[in-house]
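Pasting model.cif here (mmCIF, N, CA and C atoms and all ligand atoms):
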```cif
data_run
#
loop_
_atom_site.group_PDB
_atom_site.id
_atom_site.type_symbol
_atom_site.label_atom_id
_atom_site.label_comp_id
_atom_site.auth_asym_id
_atom_site.auth_seq_id
_atom_site.Cartn_x
_atom_site.Cartn_y
_atom_site.Cartn_z
ATOM 1 N N MET A 1 42.866 -88.383 44.655
ATOM 2 C CA MET A 1 42.821 -87.799 43.329
ATOM 3 C C MET A 1 42.552 -86.302 43.455
ATOM 4 N N GLY A 2 43.501 -85.480 42.999
ATOM 5 C CA GLY A 2 43.333 -84.043 43.092
ATOM 6 C C GLY A 2 42.503 -83.505 41.951
ATOM 7 N N THR A 3 42.025 -82.298 42.133
ATOM 8 C CA THR A 3 41.271 -81.665 41.054
ATOM 9 C C THR A 3 42.093 -80.500 40.526
ATOM 10 N N SER A 4 42.149 -80.387 39.230
ATOM 11 C CA SER A 4 42.923 -79.332 38.604
ATOM 12 C C SER A 4 42.125 -78.026 38.622
ATOM 13 N N PRO A 5 42.807 -76.910 38.873
ATOM 14 C CA PRO A 5 42.110 -75.619 38.805
ATOM 15 C C PRO A 5 41.966 -75.115 37.369
ATOM 16 N N ASN A 6 42.487 -75.885 36.416
ATOM 17 C CA ASN A 6 42.478 -75.410 35.031
ATOM 18 C C ASN A 6 41.104 -75.532 34.379
ATOM 19 N N CYS A 7 40.935 -74.744 33.370
ATOM 20 C CA CYS A 7 39.719 -74.735 32.555
ATOM 21 C C CYS A 7 39.450 -76.142 32.030
ATOM 22 N N LEU A 8 38.198 -76.570 32.112
ATOM 23 C CA LEU A 8 37.845 -77.911 31.646
ATOM 24 C C LEU A 8 37.862 -78.015 30.125
ATOM 25 N N LYS A 9 37.785 -76.891 29.432
ATOM 26 C CA LYS A 9 37.748 -76.928 27.968
ATOM 27 C C LYS A 9 39.163 -76.903 27.373
ATOM 28 N N CYS A 10 39.931 -75.877 27.645
ATOM 29 C CA CYS A 10 41.268 -75.769 27.039
ATOM 30 C C CYS A 10 42.340 -76.454 27.887
ATOM 31 N N LYS A 11 42.093 -76.594 29.149
ATOM 32 C CA LYS A 11 43.019 -77.244 30.094
ATOM 33 C C LYS A 11 44.367 -76.524 30.185
ATOM 34 N N ALA A 12 44.455 -75.338 29.605
ATOM 35 C CA ALA A 12 45.733 -74.628 29.539
ATOM 36 C C ALA A 12 45.820 -73.471 30.522
ATOM 37 N N ARG A 13 44.696 -72.966 30.947
ATOM 38 C CA ARG A 13 44.693 -71.792 31.828
ATOM 39 C C ARG A 13 43.840 -72.083 33.048
ATOM 40 N N VAL A 14 44.086 -71.331 34.113
ATOM 41 C CA VAL A 14 43.270 -71.477 35.315
ATOM 42 C C VAL A 14 41.833 -71.119 34.963
ATOM 43 N N GLY A 15 40.919 -71.943 35.380
ATOM 44 C CA GLY A 15 39.513 -71.772 35.022
ATOM 45 C C GLY A 15 38.769 -70.777 35.879
ATOM 46 N N THR A 16 39.199 -69.515 35.805
ATOM 47 C CA THR A 16 38.429 -68.478 36.497
ATOM 48 C C THR A 16 37.088 -68.326 35.783
ATOM 49 N N ARG A 17 36.153 -67.706 36.468
ATOM 50 C CA ARG A 17 34.835 -67.499 35.852
ATOM 51 C C ARG A 17 34.972 -66.695 34.558
ATOM 52 N N PHE A 18 35.801 -65.633 34.583
ATOM 53 C CA PHE A 18 35.962 -64.804 33.389
ATOM 54 C C PHE A 18 36.615 -65.596 32.261
ATOM 55 N N HIS A 19 37.603 -66.408 32.601
ATOM 56 C CA HIS A 19 38.231 -67.220 31.554
ATOM 57 C C HIS A 19 37.209 -68.161 30.930
ATOM 58 N N CYS A 20 36.446 -68.856 31.769
ATOM 59 C CA CYS A 20 35.510 -69.873 31.265
ATOM 60 C C CYS A 20 34.343 -69.265 30.481
ATOM 61 N N LEU A 21 33.988 -68.040 30.803
ATOM 62 C CA LEU A 21 32.872 -67.397 30.100
ATOM 63 C C LEU A 21 33.324 -66.533 28.929
ATOM 64 N N TRP A 22 34.602 -66.134 28.925
ATOM 65 C CA TRP A 22 35.019 -65.184 27.910
ATOM 66 C C TRP A 22 36.386 -65.462 27.291
ATOM 67 N N GLU A 23 37.425 -65.558 28.111
ATOM 68 C CA GLU A 23 38.796 -65.609 27.589
ATOM 69 C C GLU A 23 39.162 -66.904 26.886
ATOM 70 N N CYS A 24 38.590 -67.999 27.280
ATOM 71 C CA CYS A 24 38.963 -69.303 26.739
ATOM 72 C C CYS A 24 38.838 -69.290 25.209
ATOM 73 N N ALA A 25 39.862 -69.771 24.532
ATOM 74 C CA ALA A 25 39.855 -69.761 23.062
ATOM 75 C C ALA A 25 38.655 -70.526 22.505
ATOM 76 N N ILE A 26 38.261 -71.582 23.168
ATOM 77 C CA ILE A 26 37.118 -72.376 22.706
ATOM 78 C C ILE A 26 35.829 -71.571 22.825
ATOM 79 N N ILE A 27 35.691 -70.846 23.904
ATOM 80 C CA ILE A 27 34.495 -70.018 24.102
ATOM 81 C C ILE A 27 34.557 -68.782 23.210
ATOM 82 N N GLN A 28 35.758 -68.251 22.998
ATOM 83 C CA GLN A 28 35.896 -67.081 22.118
ATOM 84 C C GLN A 28 35.396 -67.386 20.714
ATOM 85 N N SER A 29 35.658 -68.592 20.229
ATOM 86 C CA SER A 29 35.178 -68.910 18.876
ATOM 87 C C SER A 29 33.651 -68.935 18.841
ATOM 88 N N LEU A 30 33.027 -69.349 19.924
ATOM 89 C CA LEU A 30 31.561 -69.299 19.983
ATOM 90 C C LEU A 30 31.073 -67.849 19.949
ATOM 91 N N TRP A 31 31.699 -66.980 20.740
ATOM 92 C CA TRP A 31 31.268 -65.575 20.760
ATOM 93 C C TRP A 31 31.464 -64.915 19.404
ATOM 94 N N LYS A 32 32.556 -65.253 18.725
ATOM 95 C CA LYS A 32 32.774 -64.694 17.376
ATOM 96 C C LYS A 32 31.655 -65.131 16.431
ATOM 97 N N GLU A 33 31.275 -66.385 16.513
ATOM 98 C CA GLU A 33 30.207 -66.894 15.647
ATOM 99 C C GLU A 33 28.866 -66.242 15.998
ATOM 100 N N VAL A 34 28.594 -66.089 17.288
ATOM 101 C CA VAL A 34 27.344 -65.449 17.716
ATOM 102 C C VAL A 34 27.282 -64.016 17.197
ATOM 103 N N CYS A 35 28.373 -63.280 17.354
ATOM 104 C CA CYS A 35 28.368 -61.885 16.910
ATOM 105 C C CYS A 35 28.288 -61.785 15.385
ATOM 106 N N ALA A 36 28.875 -62.742 14.689
ATOM 107 C CA ALA A 36 28.722 -62.762 13.228
ATOM 108 C C ALA A 36 27.259 -63.013 12.864
ATOM 109 N N ASN A 37 26.609 -63.917 13.580
ATOM 110 C CA ASN A 37 25.185 -64.181 13.326
ATOM 111 C C ASN A 37 24.328 -62.961 13.644
ATOM 112 N N ILE A 38 24.645 -62.282 14.725
ATOM 113 C CA ILE A 38 23.909 -61.062 15.074
ATOM 114 C C ILE A 38 24.109 -60.015 13.984
ATOM 115 N N SER A 39 25.351 -59.864 13.522
ATOM 116 C CA SER A 39 25.648 -58.896 12.458
ATOM 117 C C SER A 39 24.807 -59.176 11.223
ATOM 118 N N THR A 40 24.706 -60.441 10.864
ATOM 119 C CA THR A 40 23.899 -60.829 9.707
ATOM 120 C C THR A 40 22.422 -60.521 9.960
ATOM 121 N N ALA A 41 21.955 -60.838 11.149
ATOM 122 C CA ALA A 41 20.533 -60.664 11.475
ATOM 123 C C ALA A 41 20.105 -59.200 11.449
ATOM 124 N N ILE A 42 20.969 -58.320 11.920
ATOM 125 C CA ILE A 42 20.563 -56.913 12.014
ATOM 126 C C ILE A 42 21.149 -56.068 10.879
ATOM 127 N N GLY A 43 22.038 -56.637 10.079
ATOM 128 C CA GLY A 43 22.624 -55.887 8.973
ATOM 129 C C GLY A 43 23.562 -54.795 9.422
ATOM 130 N N GLN A 44 24.200 -55.018 10.537
ATOM 131 C CA GLN A 44 25.127 -54.027 11.091
ATOM 132 C C GLN A 44 26.253 -54.786 11.790
ATOM 133 N N GLN A 45 27.476 -54.315 11.649
ATOM 134 C CA GLN A 45 28.626 -55.007 12.229
ATOM 135 C C GLN A 45 28.583 -54.973 13.755
ATOM 136 N N VAL A 46 28.698 -56.141 14.355
ATOM 137 C CA VAL A 46 28.742 -56.265 15.811
ATOM 138 C C VAL A 46 30.031 -56.993 16.161
ATOM 139 N N THR A 47 30.852 -56.375 16.992
ATOM 140 C CA THR A 47 32.083 -57.034 17.433
ATOM 141 C C THR A 47 31.877 -57.540 18.851
ATOM 142 N N GLU A 48 32.489 -58.672 19.115
ATOM 143 C CA GLU A 48 32.295 -59.289 20.415
ATOM 144 C C GLU A 48 33.017 -58.496 21.493
ATOM 145 N N ASN A 49 32.353 -58.302 22.593
ATOM 146 C CA ASN A 49 32.971 -57.689 23.757
ATOM 147 C C ASN A 49 32.230 -58.191 24.986
ATOM 148 N N PRO A 50 32.943 -58.326 26.108
ATOM 149 C CA PRO A 50 32.324 -58.919 27.293
ATOM 150 C C PRO A 50 31.213 -58.072 27.902
ATOM 151 N N LEU A 51 31.283 -56.764 27.735
ATOM 152 C CA LEU A 51 30.208 -55.924 28.292
ATOM 153 C C LEU A 51 28.868 -56.280 27.664
ATOM 154 N N MET A 52 28.866 -56.459 26.367
ATOM 155 C CA MET A 52 27.623 -56.787 25.681
ATOM 156 C C MET A 52 27.271 -58.267 25.840
ATOM 157 N N CYS A 53 28.218 -59.128 25.586
ATOM 158 C CA CYS A 53 27.924 -60.570 25.563
ATOM 159 C C CYS A 53 27.630 -61.132 26.950
ATOM 160 N N LEU A 54 28.350 -60.678 27.953
ATOM 161 C CA LEU A 54 28.165 -61.236 29.293
ATOM 162 C C LEU A 54 27.293 -60.378 30.193
ATOM 163 N N LEU A 55 27.453 -59.056 30.083
ATOM 164 C CA LEU A 55 26.779 -58.160 31.029
ATOM 165 C C LEU A 55 25.569 -57.445 30.444
ATOM 166 N N ARG A 56 25.203 -57.774 29.206
ATOM 167 C CA ARG A 56 23.981 -57.301 28.576
ATOM 168 C C ARG A 56 23.971 -55.804 28.263
ATOM 169 N N TYR A 57 25.155 -55.167 28.231
ATOM 170 C CA TYR A 57 25.211 -53.761 27.877
ATOM 171 C C TYR A 57 25.166 -53.638 26.358
ATOM 172 N N ILE A 58 24.192 -52.926 25.850
ATOM 173 C CA ILE A 58 24.055 -52.722 24.409
ATOM 174 C C ILE A 58 24.542 -51.317 24.073
ATOM 175 N N PRO A 59 25.554 -51.193 23.197
ATOM 176 C CA PRO A 59 26.030 -49.856 22.813
ATOM 177 C C PRO A 59 24.912 -49.046 22.165
ATOM 178 N N VAL A 60 24.985 -47.745 22.316
ATOM 179 C CA VAL A 60 23.964 -46.843 21.780
ATOM 180 C C VAL A 60 23.741 -47.084 20.288
ATOM 181 N N SER A 61 24.826 -47.356 19.558
ATOM 182 C CA SER A 61 24.710 -47.551 18.110
ATOM 183 C C SER A 61 23.893 -48.796 17.742
ATOM 184 N N LEU A 62 23.655 -49.686 18.713
ATOM 185 C CA LEU A 62 22.916 -50.920 18.436
ATOM 186 C C LEU A 62 21.580 -51.000 19.163
ATOM 187 N N VAL A 63 21.240 -49.957 19.889
ATOM 188 C CA VAL A 63 20.044 -49.988 20.742
ATOM 189 C C VAL A 63 18.764 -50.308 19.965
ATOM 190 N N GLN A 64 18.690 -49.875 18.715
ATOM 191 C CA GLN A 64 17.465 -50.137 17.947
ATOM 192 C C GLN A 64 17.262 -51.632 17.665
ATOM 193 N N HIS A 65 18.320 -52.416 17.828
ATOM 194 C CA HIS A 65 18.235 -53.867 17.608
ATOM 195 C C HIS A 65 18.359 -54.644 18.920
ATOM 196 N N GLU A 66 18.131 -53.965 20.024
ATOM 197 C CA GLU A 66 18.391 -54.572 21.333
ATOM 198 C C GLU A 66 17.649 -55.895 21.536
ATOM 199 N N HIS A 67 16.396 -55.966 21.132
ATOM 200 C CA HIS A 67 15.620 -57.193 21.377
ATOM 201 C C HIS A 67 16.236 -58.388 20.645
ATOM 202 N N VAL A 68 16.601 -58.203 19.394
ATOM 203 C CA VAL A 68 17.218 -59.294 18.615
ATOM 204 C C VAL A 68 18.552 -59.687 19.237
ATOM 205 N N ILE A 69 19.357 -58.677 19.545
ATOM 206 C CA ILE A 69 20.687 -58.945 20.104
ATOM 207 C C ILE A 69 20.569 -59.685 21.436
ATOM 208 N N GLN A 70 19.719 -59.172 22.323
ATOM 209 C CA GLN A 70 19.585 -59.819 23.645
ATOM 210 C C GLN A 70 19.055 -61.244 23.498
ATOM 211 N N SER A 71 18.146 -61.454 22.579
ATOM 212 C CA SER A 71 17.589 -62.810 22.388
ATOM 213 C C SER A 71 18.674 -63.785 21.958
ATOM 214 N N LEU A 72 19.510 -63.391 20.994
ATOM 215 C CA LEU A 72 20.573 -64.288 20.524
ATOM 216 C C LEU A 72 21.653 -64.477 21.590
ATOM 217 N N LEU A 73 21.930 -63.430 22.355
ATOM 218 C CA LEU A 73 22.939 -63.558 23.412
ATOM 219 C C LEU A 73 22.453 -64.461 24.538
ATOM 220 N N ILE A 74 21.171 -64.410 24.852
ATOM 221 C CA ILE A 74 20.619 -65.300 25.885
ATOM 222 C C ILE A 74 20.799 -66.755 25.455
ATOM 223 N N LEU A 75 20.516 -67.043 24.187
ATOM 224 C CA LEU A 75 20.681 -68.409 23.690
ATOM 225 C C LEU A 75 22.148 -68.840 23.750
ATOM 226 N N ALA A 76 23.046 -67.927 23.416
ATOM 227 C CA ALA A 76 24.477 -68.262 23.464
ATOM 228 C C ALA A 76 24.924 -68.517 24.903
ATOM 229 N N ARG A 77 24.497 -67.666 25.825
ATOM 230 C CA ARG A 77 24.873 -67.873 27.234
ATOM 231 C C ARG A 77 24.313 -69.184 27.748
ATOM 232 N N LYS A 78 23.096 -69.509 27.358
ATOM 233 C CA LYS A 78 22.503 -70.774 27.793
ATOM 234 C C LYS A 78 23.284 -71.956 27.209
ATOM 235 N N SER A 79 23.726 -71.837 25.969
ATOM 236 C CA SER A 79 24.528 -72.903 25.359
ATOM 237 C C SER A 79 25.812 -73.133 26.153
ATOM 238 N N ILE A 80 26.439 -72.054 26.573
ATOM 239 C CA ILE A 80 27.665 -72.187 27.372
ATOM 240 C C ILE A 80 27.346 -72.861 28.706
ATOM 241 N N MET A 81 26.279 -72.441 29.341
ATOM 242 C CA MET A 81 25.927 -72.999 30.656
ATOM 243 C C MET A 81 25.553 -74.483 30.554
ATOM 244 N N LEU A 82 24.932 -74.888 29.447
ATOM 245 C CA LEU A 82 24.551 -76.296 29.296
ATOM 246 C C LEU A 82 25.772 -77.209 29.219
ATOM 247 N N ARG A 83 26.902 -76.664 28.836
ATOM 248 C CA ARG A 83 28.139 -77.445 28.731
ATOM 249 C C ARG A 83 29.206 -76.909 29.680
ATOM 250 N N TRP A 84 28.764 -76.311 30.755
ATOM 251 C CA TRP A 84 29.678 -75.647 31.676
ATOM 252 C C TRP A 84 30.780 -76.563 32.172
ATOM 253 N N VAL A 85 30.459 -77.778 32.570
ATOM 254 C CA VAL A 85 31.462 -78.682 33.130
ATOM 255 C C VAL A 85 31.922 -79.738 32.127
ATOM 256 N N ALA A 86 31.593 -79.583 30.882
ATOM 257 C CA ALA A 86 31.996 -80.547 29.868
ATOM 258 C C ALA A 86 33.296 -80.107 29.201
ATOM 259 N N ALA A 87 34.068 -81.067 28.742
ATOM 260 C CA ALA A 87 35.298 -80.749 28.021
ATOM 261 C C ALA A 87 34.998 -80.275 26.603
ATOM 262 N N GLU A 88 33.856 -80.699 26.067
ATOM 263 C CA GLU A 88 33.503 -80.345 24.699
ATOM 264 C C GLU A 88 33.042 -78.887 24.615
ATOM 265 N N PRO A 89 33.240 -78.268 23.457
ATOM 266 C CA PRO A 89 32.740 -76.902 23.287
ATOM 267 C C PRO A 89 31.219 -76.894 23.247
ATOM 268 N N PRO A 90 30.618 -75.771 23.613
ATOM 269 C CA PRO A 90 29.146 -75.708 23.562
ATOM 270 C C PRO A 90 28.648 -75.696 22.124
ATOM 271 N N PHE A 91 27.472 -76.265 21.922
ATOM 272 C CA PHE A 91 26.797 -76.147 20.635
ATOM 273 C C PHE A 91 26.224 -74.750 20.571
ATOM 274 N N LEU A 92 26.377 -74.114 19.439
ATOM 275 C CA LEU A 92 25.798 -72.789 19.319
ATOM 276 C C LEU A 92 24.288 -72.901 19.375
ATOM 277 N N TYR A 93 23.699 -72.267 20.344
ATOM 278 C CA TYR A 93 22.258 -72.244 20.606
ATOM 279 C C TYR A 93 21.727 -73.589 21.073
ATOM 280 N N GLY A 94 22.589 -74.590 21.305
ATOM 281 C CA GLY A 94 22.138 -75.878 21.810
ATOM 282 C C GLY A 94 21.205 -76.554 20.824
ATOM 283 N N SER A 95 20.573 -77.606 21.277
ATOM 284 C CA SER A 95 19.597 -78.270 20.425
ATOM 285 C C SER A 95 18.217 -77.714 20.735
ATOM 286 N N ARG A 96 17.311 -77.925 19.843
ATOM 287 C CA ARG A 96 15.956 -77.421 20.040
ATOM 288 C C ARG A 96 15.338 -77.981 21.328
ATOM 289 N N SER A 97 15.568 -79.262 21.602
ATOM 290 C CA SER A 97 14.965 -79.850 22.791
ATOM 291 C C SER A 97 15.623 -79.333 24.059
ATOM 292 N N SER A 98 16.952 -79.099 24.017
ATOM 293 C CA SER A 98 17.619 -78.640 25.237
ATOM 294 C C SER A 98 17.232 -77.225 25.586
ATOM 295 N N LEU A 99 16.832 -76.438 24.593
ATOM 296 C CA LEU A 99 16.433 -75.058 24.862
ATOM 297 C C LEU A 99 14.957 -74.954 25.194
ATOM 298 N N LYS A 100 14.228 -76.053 25.041
ATOM 299 C CA LYS A 100 12.795 -76.080 25.345
ATOM 300 C C LYS A 100 12.051 -74.977 24.607
ATOM 301 N N LEU A 101 12.312 -74.923 23.279
ATOM 302 C CA LEU A 101 11.607 -73.933 22.446
ATOM 303 C C LEU A 101 10.221 -74.409 22.111
HETATM 304 ZN ZN ZN B 201 39.948 -72.429 28.685
#
```
In C-alpha cells, what does this structure look like?
Ligand SMILES: [Zn+2]
Amino acid sequence: MGTSPNCLKCKARVGTRFHCLWECAIIQSLWKEVCANISTAIGQQVTENPLMCLLRYIPVSLVQHEHVIQSLLILARKSIMLRWVAAEPPFLYGSRSSLKL
C-alpha cells in the first residue's frame, strides 16, 4: 500500500509544509476567519498573510495590538497542529479541553 504525497485535507495538491500550513483552501478559510476575529477584537482591519500568521511578524501598523494578535494566532496554529494528520478541517481554537485552558 503506497502513501500519497498529497495534502491530507484537500487531497488535490502535494502536501508540502507551506501548502498544509497556508496554501490549502481548507486552511485558508481558517486563516480568514482568524484574521476576521482579530480585526473585530482590535477594531482594525487585519488581512491574512503568512509572515504574520505563520512567522509571527507583526506589521508596524498593528504593533500596539501585538499581544492580542499573537495570542489568537497561537491558538489558531495549535488548532491546525491538533488536526495535522486528519482529513477534517481544524476547529477554530480547538475545544477548551484540547487547549488545556
Ligand atoms: Zn490541501
*Could the residues that lie within 8 Å of ligand ZN 201 (chain B), counting all atoms listed in the file, be listed as a ChimeraX atom specification?*
/A:6-16,19-27
*So which residues touch region 43-54 of chain A within 8 Å, counting all atoms listed in the file, skipping near sequence neighbours fewer than 2 positions away, as a ChimeraX atom specification?*
/A:21-22,31-32,34-41,56-59,73-74,77
*asked:* Here's the selection I'm unsure about, the PyMOL selection byres (((chain A and resi 80) around 8) and not hetatm); applied to the file above, which residues does it give, as a count of residues only?
replied: 20
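Across the model, the gap from atom C of Glu33 (chain A) to atom C of Leu72 (chain A) is 9.3 Å.
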*asked:* Give me, as a PyMOL selection string, the residues of region 12-93 of chain A that a backbone DSSP run labels helix (DSSP H, G or I).
replied: chain A and resi 17-23+25-42+50-53+60-82
*Point-to-point distance in Å for atom C of Ile42 (chain A) and CA of Ser71 (chain A)*: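 Separating CA of Ser71 (chain A) from atom C of Ile42 (chain A) is a distance of 13.8 Å.
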